[in-house]
$ cat input-v6.tsv   # TSV, C-alpha atoms
chain	number	residue	atom	x	y	z
A	27	MET	CA	-26.47	-9.31	-18.46
A	28	MET	CA	-25.81	-6.35	-16.16
A	29	ILE	CA	-23.23	-8.37	-14.24
A	30	ILE	CA	-21.35	-9.14	-17.46
A	31	LEU	CA	-21.38	-5.47	-18.52
A	32	TYR	CA	-20.20	-4.46	-15.04
A	33	MET	CA	-17.29	-6.90	-15.31
A	34	VAL	CA	-16.40	-5.73	-18.82
A	35	GLY	CA	-16.34	-2.13	-17.56
A	36	GLY	CA	-14.06	-3.21	-14.73
A	37	PHE	CA	-11.72	-4.98	-17.13
A	38	ILE	CA	-11.50	-1.90	-19.39
A	39	SER	CA	-10.78	0.23	-16.32
A	40	VAL	CA	-7.92	-2.10	-15.34
A	41	LEU	CA	-6.50	-1.98	-18.87
A	42	ILE	CA	-6.46	1.83	-19.00
A	43	GLY	CA	-5.13	2.03	-15.45
A	44	GLY	CA	-2.34	-0.43	-16.26
A	45	TRP	CA	-1.41	1.54	-19.39
A	46	LEU	CA	-1.11	4.77	-17.37
A	47	PHE	CA	0.61	3.03	-14.45
A	48	THR	CA	3.42	1.47	-16.48
A	49	ASN	CA	4.15	4.85	-18.04
A	50	SER	CA	4.26	6.42	-14.55
A	51	MET	CA	6.73	3.81	-13.29
A	52	GLU	CA	8.95	4.31	-16.34
A	53	TYR	CA	8.92	8.04	-15.60
A	54	VAL	CA	10.03	7.37	-12.00
A	55	SER	CA	12.96	5.27	-13.20
A	56	HIS	CA	14.07	7.80	-15.79
A	57	ARG	CA	13.43	11.04	-13.88
A	58	TYR	CA	14.80	10.03	-10.47
A	59	ARG	CA	17.48	7.62	-11.74
A	60	ILE	CA	15.99	4.59	-9.99
A	61	GLY	CA	16.93	1.20	-11.40
A	62	SER	CA	14.28	-0.84	-13.17
A	63	SER	CA	14.86	-3.83	-10.85
A	64	PHE	CA	13.86	-1.77	-7.81
A	65	VAL	CA	10.89	-0.22	-9.60
A	66	GLY	CA	9.63	-3.60	-10.83
A	67	ALA	CA	10.30	-5.55	-7.63
A	68	VAL	CA	9.40	-3.00	-4.92
A	69	LEU	CA	7.66	0.21	-6.04
A	70	SER	CA	5.26	-1.17	-8.64
A	71	PRO	CA	3.99	-4.21	-6.65
A	72	ILE	CA	3.11	-2.02	-3.65
A	73	LEU	CA	0.42	-0.28	-5.71
A	74	THR	CA	-0.68	-3.08	-8.04
A	75	SER	CA	-1.19	-5.46	-5.10
A	76	LEU	CA	-3.85	-3.20	-3.55
A	77	PRO	CA	-6.77	-5.35	-4.82
A	78	GLU	CA	-5.42	-8.47	-3.07
A	79	LEU	CA	-4.87	-6.47	0.12
A	80	ILE	CA	-8.39	-5.04	0.01
A	81	VAL	CA	-10.00	-8.46	-0.56
A	82	PHE	CA	-7.89	-9.94	2.25
A	83	LEU	CA	-8.81	-7.18	4.73
A	84	ILE	CA	-12.51	-7.19	3.80
A	85	ALA	CA	-12.69	-10.96	4.20
A	86	LEU	CA	-11.10	-10.79	7.65
A	87	LEU	CA	-12.73	-7.63	9.02
A	88	LEU	CA	-16.26	-7.88	7.65
A	89	TYR	CA	-16.69	-11.65	7.84
A	90	ASP	CA	-15.53	-12.66	11.31
A	91	ASP	CA	-16.36	-16.32	10.83
A	92	VAL	CA	-14.71	-19.34	9.28
A	93	SER	CA	-15.76	-18.46	5.71
A	94	GLY	CA	-14.15	-15.02	5.94
A	95	GLU	CA	-10.86	-16.53	7.08
A	96	ASP	CA	-11.11	-19.19	4.38
A	97	VAL	CA	-11.52	-16.55	1.67
A	98	ALA	CA	-8.57	-14.53	3.05
A	99	VAL	CA	-6.24	-17.52	3.25
A	100	GLY	CA	-7.54	-18.92	-0.04
A	101	THR	CA	-6.69	-15.63	-1.76
A	102	ILE	CA	-3.09	-15.86	-0.54
A	103	ILE	CA	-2.76	-19.50	-1.55
A	104	GLY	CA	-4.52	-19.03	-4.88
A	105	GLU	CA	-2.51	-16.11	-6.26
A	106	PRO	CA	0.78	-18.00	-6.87
A	107	PHE	CA	-1.25	-20.77	-8.49
A	108	VAL	CA	-3.03	-18.29	-10.79
A	109	VAL	CA	0.21	-16.50	-11.68
A	110	SER	CA	2.10	-19.71	-12.50
A	111	THR	CA	-0.70	-21.38	-14.47
A	112	ILE	CA	-2.36	-18.42	-16.21
A	113	ILE	CA	-0.32	-15.21	-16.12
A	114	TYR	CA	3.12	-16.54	-17.06
A	115	PRO	CA	1.81	-18.47	-20.09
A	116	VAL	CA	0.03	-15.29	-21.24
A	117	ILE	CA	3.28	-13.33	-20.84
A	118	PHE	CA	5.18	-15.89	-22.92
A	119	MET	CA	2.50	-15.74	-25.62
A	120	VAL	CA	2.70	-11.93	-25.69
A	121	ALA	CA	6.49	-12.18	-26.01
A	122	ALA	CA	6.09	-14.58	-28.94
A	123	VAL	CA	3.52	-12.33	-30.66
A	124	GLY	CA	5.72	-9.29	-30.02
A	125	PHE	CA	8.68	-11.07	-31.60
A	126	TYR	CA	6.58	-12.14	-34.59
A	127	LEU	CA	5.38	-8.54	-35.09
A	128	ARG	CA	8.95	-7.26	-34.60
A	129	ARG	CA	8.14	-5.38	-31.41
A	130	ARG	CA	10.68	-7.52	-29.53
A	131	ASP	CA	14.16	-8.70	-30.48
A	132	ASP	CA	13.53	-12.26	-29.23
A	133	VAL	CA	11.08	-14.37	-27.24
A	134	VAL	CA	13.47	-14.92	-24.32
A	135	LEU	CA	12.82	-12.76	-21.24
A	136	GLU	CA	16.10	-10.97	-20.50
A	137	VAL	CA	16.31	-9.67	-16.92
A	138	ASP	CA	18.90	-8.26	-14.55
A	139	LYS	CA	20.64	-10.78	-12.29
A	140	GLU	CA	19.32	-8.85	-9.25
A	141	LEU	CA	15.91	-10.43	-9.83
A	142	THR	CA	17.11	-13.67	-8.29
A	143	ILE	CA	16.65	-11.93	-4.93
A	144	PRO	CA	12.80	-11.58	-5.05
A	145	PHE	CA	12.37	-15.23	-6.03
A	146	ILE	CA	14.65	-16.41	-3.21
A	147	VAL	CA	12.79	-14.21	-0.72
A	148	VAL	CA	9.38	-15.52	-1.84
A	149	LEU	CA	10.62	-19.12	-1.77
A	150	LEU	CA	11.88	-18.74	1.81
A	151	LEU	CA	9.10	-16.58	3.28
A	152	PHE	CA	5.91	-17.78	1.59
A	153	PRO	CA	5.48	-20.81	3.88
A	154	THR	CA	5.67	-18.41	6.84
A	155	VAL	CA	2.61	-16.53	5.51
A	156	LEU	CA	0.52	-19.68	5.93
A	157	LEU	CA	1.50	-20.32	9.56
A	158	PRO	CA	-1.15	-17.99	11.11
A	159	ALA	CA	-3.86	-20.14	9.52
A	160	ILE	CA	-2.43	-23.18	11.31
A	161	ILE	CA	-1.24	-21.69	14.59
A	162	LYS	CA	-4.07	-20.16	16.62
A	163	SER	CA	-1.84	-18.42	19.20
A	164	LEU	CA	-2.32	-14.64	18.98
A	165	ALA	CA	1.21	-13.99	20.28
A	166	VAL	CA	2.73	-16.20	17.59
A	167	ARG	CA	0.67	-14.44	14.92
A	168	TYR	CA	1.93	-11.03	16.05
A	169	LEU	CA	5.48	-12.36	16.07
A	170	ILE	CA	5.11	-13.66	12.52
A	171	ALA	CA	3.64	-10.32	11.39
A	172	VAL	CA	6.58	-8.36	12.86
A	173	PHE	CA	9.03	-10.81	11.31
A	174	LEU	CA	7.46	-10.48	7.83
A	175	VAL	CA	7.40	-6.66	7.97
A	176	THR	CA	11.04	-6.59	9.08
A	177	ALA	CA	12.01	-9.06	6.36
A	178	TYR	CA	10.24	-6.95	3.72
A	179	LEU	CA	12.01	-3.76	4.81
A	180	LEU	CA	15.34	-5.59	4.64
A	181	TYR	CA	14.41	-6.93	1.20
A	182	ALA	CA	13.52	-3.41	-0.02
A	183	HIS	CA	16.85	-2.10	1.29
A	184	ILE	CA	18.79	-4.84	-0.52
A	185	MET	CA	16.91	-4.20	-3.76
A	186	ARG	CA	17.55	-0.45	-3.45
A	187	ASN	CA	21.28	-1.11	-3.23
A	188	ARG	CA	21.08	-3.46	-6.24
A	189	GLN	CA	18.54	-1.54	-8.23
A	190	GLY	CA	19.72	-2.39	-11.74
A	191	LEU	CA	19.79	-0.18	-14.83
A	192	VAL	CA	17.85	3.06	-15.21
A	193	ILE	CA	15.32	3.35	-18.07
A	194	GLU	CA	16.70	5.70	-20.71
A	195	ASP	CA	14.27	5.32	-23.63
A	196	TYR	CA	11.44	6.93	-21.71
A	197	GLU	CA	8.09	8.03	-23.17
A	198	ARG	CA	6.65	11.33	-22.01
A	199	LEU	CA	3.84	11.12	-19.46
A	200	TYR	CA	0.67	10.25	-21.35
A	201	ILE	CA	-1.49	12.65	-19.37
A	202	ILE	CA	0.53	15.64	-20.66
A	203	ARG	CA	-0.52	14.71	-24.17
A	204	VAL	CA	-4.16	15.02	-23.10
A	205	ILE	CA	-3.87	18.03	-20.79
A	206	ASN	CA	-1.33	20.36	-22.39
A	207	ARG	CA	-1.53	22.86	-19.53
A	208	LEU	CA	0.32	20.51	-17.18
A	209	ARG	CA	3.76	22.01	-17.58
A	210	ILE	CA	5.22	20.72	-14.30
A	211	ASP	CA	6.37	17.13	-14.64
A	212	TRP	CA	5.99	16.12	-11.00
A	213	ALA	CA	2.42	17.47	-10.85
A	214	ALA	CA	1.53	15.58	-14.02
A	215	PHE	CA	3.18	12.45	-12.63
A	216	ILE	CA	1.21	12.59	-9.36
A	217	LEU	CA	-2.06	13.17	-11.22
A	218	GLN	CA	-1.42	10.32	-13.66
A	219	LEU	CA	-0.31	7.96	-10.88
A	220	VAL	CA	-3.43	8.72	-8.81
A	221	VAL	CA	-5.71	8.25	-11.83
A	222	SER	CA	-4.01	4.95	-12.75
A	223	VAL	CA	-4.22	3.53	-9.21
A	224	VAL	CA	-7.89	4.58	-8.90
A	225	LEU	CA	-8.69	2.91	-12.23
A	226	LEU	CA	-6.82	-0.24	-11.22
A	227	PHE	CA	-8.57	-0.35	-7.86
A	228	ALA	CA	-12.04	0.46	-9.20
A	229	GLY	CA	-11.71	-1.98	-12.08
A	230	SER	CA	-10.46	-4.78	-9.83
A	231	ARG	CA	-13.24	-4.14	-7.33
A	232	ALA	CA	-15.84	-4.26	-10.10
A	233	LEU	CA	-14.41	-7.55	-11.34
A	234	VAL	CA	-14.32	-9.09	-7.86
A	235	GLU	CA	-17.88	-7.98	-7.09
A	236	GLY	CA	-19.06	-9.19	-10.48
A	237	ILE	CA	-17.38	-12.55	-10.05
A	238	ILE	CA	-18.82	-12.98	-6.56
A	239	ASP	CA	-22.35	-12.11	-7.77
A	240	LEU	CA	-21.96	-14.41	-10.75
A	241	SER	CA	-20.66	-17.19	-8.53
A	242	LYS	CA	-23.64	-16.82	-6.21
A	243	TYR	CA	-25.97	-16.90	-9.20
A	244	LEU	CA	-24.29	-20.09	-10.42
A	245	MET	CA	-24.26	-21.45	-6.83
A	246	LEU	CA	-20.49	-21.96	-6.61
A	247	ASP	CA	-18.80	-22.75	-3.28
A	248	VAL	CA	-17.45	-19.49	-1.78
A	249	THR	CA	-14.80	-21.20	0.34
A	250	GLY	CA	-13.66	-23.44	-2.50
A	251	GLY	CA	-13.18	-22.39	-6.10
A	252	LEU	CA	-14.18	-18.77	-5.41
A	253	SER	CA	-11.47	-18.02	-2.84
A	254	ILE	CA	-8.67	-20.11	-4.36
A	255	ILE	CA	-9.23	-19.61	-8.10
A	256	VAL	CA	-11.86	-17.03	-9.01
A	257	VAL	CA	-11.03	-14.11	-6.67
A	258	PRO	CA	-7.22	-14.35	-7.14
A	259	THR	CA	-7.73	-14.37	-10.91
A	260	ALA	CA	-9.55	-11.04	-10.67
A	261	THR	CA	-7.32	-9.40	-8.06
A	262	VAL	CA	-4.13	-10.33	-9.91
A	263	LEU	CA	-5.27	-8.41	-13.01
A	264	PRO	CA	-3.40	-5.14	-12.22
A	265	GLU	CA	-0.08	-6.99	-12.04
A	266	SER	CA	-1.05	-9.03	-15.09
A	267	VAL	CA	-1.93	-6.03	-17.23
A	268	THR	CA	1.21	-4.11	-16.30
A	269	ALA	CA	3.33	-7.23	-16.89
A	270	VAL	CA	1.78	-7.76	-20.35
A	271	ILE	CA	2.39	-4.12	-21.30
A	272	TRP	CA	6.02	-4.32	-20.17
A	273	THR	CA	6.43	-7.60	-22.07
A	274	TRP	CA	5.20	-5.88	-25.21
A	275	LYS	CA	7.65	-3.01	-24.61
A	276	GLU	CA	10.48	-5.49	-23.90
A	277	ARG	CA	11.00	-4.20	-20.35
A	278	ASP	CA	11.48	-7.70	-18.96
A	279	THR	CA	13.24	-6.65	-15.77
A	280	MET	CA	10.19	-4.64	-14.68
A	281	LEU	CA	7.61	-7.28	-15.53
A	282	LEU	CA	9.06	-10.45	-14.01
A	283	PRO	CA	8.94	-9.55	-10.25
A	284	HIS	CA	5.14	-9.17	-10.52
$ encode --input "input-v6.tsv" --output "structure tokens"
Amino acid sequence: MMIILYMVGGFISVLIGGWLFTNSMEYVSHRYRIGSSFVGAVLSPILTSLPELIVFLIALLLYDDVSGEDVAVGTIIGEPFVVSTIIYPVIFMVAAVGFYLRRRDDVVLEVDKELTIPFIVVLLLFPTVLLPAIIKSLAVRYLIAVFLVTAYLLYAHIMRNRQGLVIEDYERLYIIRVINRLRIDWAAFILQLVVSVVLLFAGSRALVEGIIDLSKYLMLDVTGGLSIIVVPTATVLPESVTAVIWTWKERDTMLLPH
């Protein structure tokens, strides 16, 4: 029972964090004239992908055996599977409900043409991510790591040059509505962003820990369903929540790169 309550608390934390985070990203686009394509494809994923990064690092650093590596690799392999089979259908359902309730103009996701770039990059580079699990040479692994970092920086540069349209219909930072004394926008933005990231991280961690404990209680295989299905489902929640919120707000360009 305590595990279930712990997981519910984590889920609520992720929901509130996602609500604050999407508002923060919209503020960035409006205030600093940054296109929504760049915000959705580069800035937002850096922060919402923290849970996956933490799980990956913990699995590698704290469990220096085969199972730790299996969990790390399984998390990478499992996330695209979870996104394509669970998250996207949920997004389409939210779009349909939003259209039915007249919160959206249609059920079709309308995005900037610049978003073809992230999908091409993922299609070309994702197989490279799996090579270190196959090739045991340390030199080759370092080479792949340098290549991927360089490729990501080039990708960020391209997206910055093709950043898309700036958000104009911006809502005021939510935290200012709660704390009226925050008169300086940038200070309020930093505070709200920090709070949102902490809530996303804490909520995701609670979910991952709860799922692991529950899996142990149910005697599930850690290197099987846990690493490929269960953990990615929990760690992908920050991106999922922000994507659902942006679907409801009809900000399709910001949700799709997640």
$ residues_around --input "input-v6.tsv" --residues "region 59-74 of chain A" --least-positions-apart "3" --cutoff "8 Å" --atoms "only C-alpha atoms" --output "PDB file with C-alpha atoms, in the frame of the given file"
ATOM      1  CA  MET A  51       6.730   3.810 -13.290  1.00  0.00           C
ATOM      2  CA  VAL A  54      10.030   7.370 -12.000  1.00  0.00           C
ATOM      3  CA  SER A  55      12.960   5.270 -13.200  1.00  0.00           C
ATOM      4  CA  HIS A  56      14.070   7.800 -15.790  1.00  0.00           C
ATOM      5  CA  PRO A  77      -6.770  -5.350  -4.820  1.00  0.00           C
ATOM      6  CA  ASP A 138      18.900  -8.260 -14.550  1.00  0.00           C
ATOM      7  CA  GLU A 140      19.320  -8.850  -9.250  1.00  0.00           C
ATOM      8  CA  LEU A 141      15.910 -10.430  -9.830  1.00  0.00           C
ATOM      9  CA  PRO A 144      12.800 -11.580  -5.050  1.00  0.00           C
ATOM     10  CA  ALA A 182      13.520  -3.410  -0.020  1.00  0.00           C
ATOM     11  CA  MET A 185      16.910  -4.200  -3.760  1.00  0.00           C
ATOM     12  CA  ARG A 186      17.550  -0.450  -3.450  1.00  0.00           C
ATOM     13  CA  ARG A 188      21.080  -3.460  -6.240  1.00  0.00           C
ATOM     14  CA  GLN A 189      18.540  -1.540  -8.230  1.00  0.00           C
ATOM     15  CA  GLY A 190      19.720  -2.390 -11.740  1.00  0.00           C
ATOM     16  CA  LEU A 191      19.790  -0.180 -14.830  1.00  0.00           C
ATOM     17  CA  VAL A 192      17.850   3.060 -15.210  1.00  0.00           C
ATOM     18  CA  ILE A 193      15.320   3.350 -18.070  1.00  0.00           C
ATOM     19  CA  VAL A 223      -4.220   3.530  -9.210  1.00  0.00           C
ATOM     20  CA  LEU A 226      -6.820  -0.240 -11.220  1.00  0.00           C
ATOM     21  CA  PRO A 264      -3.400  -5.140 -12.220  1.00  0.00           C
ATOM     22  CA  GLU A 265      -0.080  -6.990 -12.040  1.00  0.00           C
ATOM     23  CA  THR A 279      13.240  -6.650 -15.770  1.00  0.00           C
ATOM     24  CA  MET A 280      10.190  -4.640 -14.680  1.00  0.00           C
ATOM     25  CA  LEU A 281       7.610  -7.280 -15.530  1.00  0.00           C
ATOM     26  CA  LEU A 282       9.060 -10.450 -14.010  1.00  0.00           C
ATOM     27  CA  PRO A 283       8.940  -9.550 -10.250  1.00  0.00           C
ATOM     28  CA  HIS A 284       5.140  -9.170 -10.520  1.00  0.00           C
TER      29      HIS A 284
END
$ closest_residue --input "input-v6.tsv" --among "A:Tyr178, A:Ile117, A:Thr268, A:Val221" --to "Val148 (chain A)" --atoms "all atoms listed in the file"
A:Tyr178
$ atom_distance --input "input-v6.tsv" --atom1 "CA of Lys242 (chain A)" --atom2 "CA of Phe37 (chain A)"
20.0 Å
$ residues_around --input "input-v6.tsv" --residues "Gly124 (chain A)" --least-positions-apart "6" --cutoff "12 Å" --atoms "only C-alpha atoms" --output "list in words"
Ile117, Phe118, Arg130, Asp131, Asp132, Val133, Val134, Leu135, Val270, Ile271, Trp272, Thr273, Trp274, Lys275 and Glu276 of chain A
$ atom_distance --input "input-v6.tsv" --atom1 "CA of Phe215 (chain A)" --atom2 "CA of Leu179 (chain A)"
25.4 Å
$ atom_distance --input "input-v6.tsv" --atom1 "CA of Leu233 (chain A)" --atom2 "CA of Met33 (chain A)"
4.9 Å
$ residues_near_point --input "input-v6.tsv" --point "(10.1, -8.4, 5.9)" --cutoff "12 Å" --atoms "all atoms listed in the file" --output "list in words"
Pro144, Val147, Val148, Leu150, Leu151, Phe152, Thr154, Val155, Leu169, Ile170, Ala171, Val172, Phe173, Leu174, Val175, Thr176, Ala177, Tyr178, Leu179, Leu180, Tyr181, Ala182, His183 and Ile184 of chain A
$ axis_aligned_box --input "input-v6.tsv" --around "region 133-152 of chain A" --padding-each-side "6 Å" --output "JSON"
{"center_x": 13.3, "center_y": -13.7, "center_z": -12.0, "size_x": 26.7, "size_y": 22.9, "size_z": 42.5}
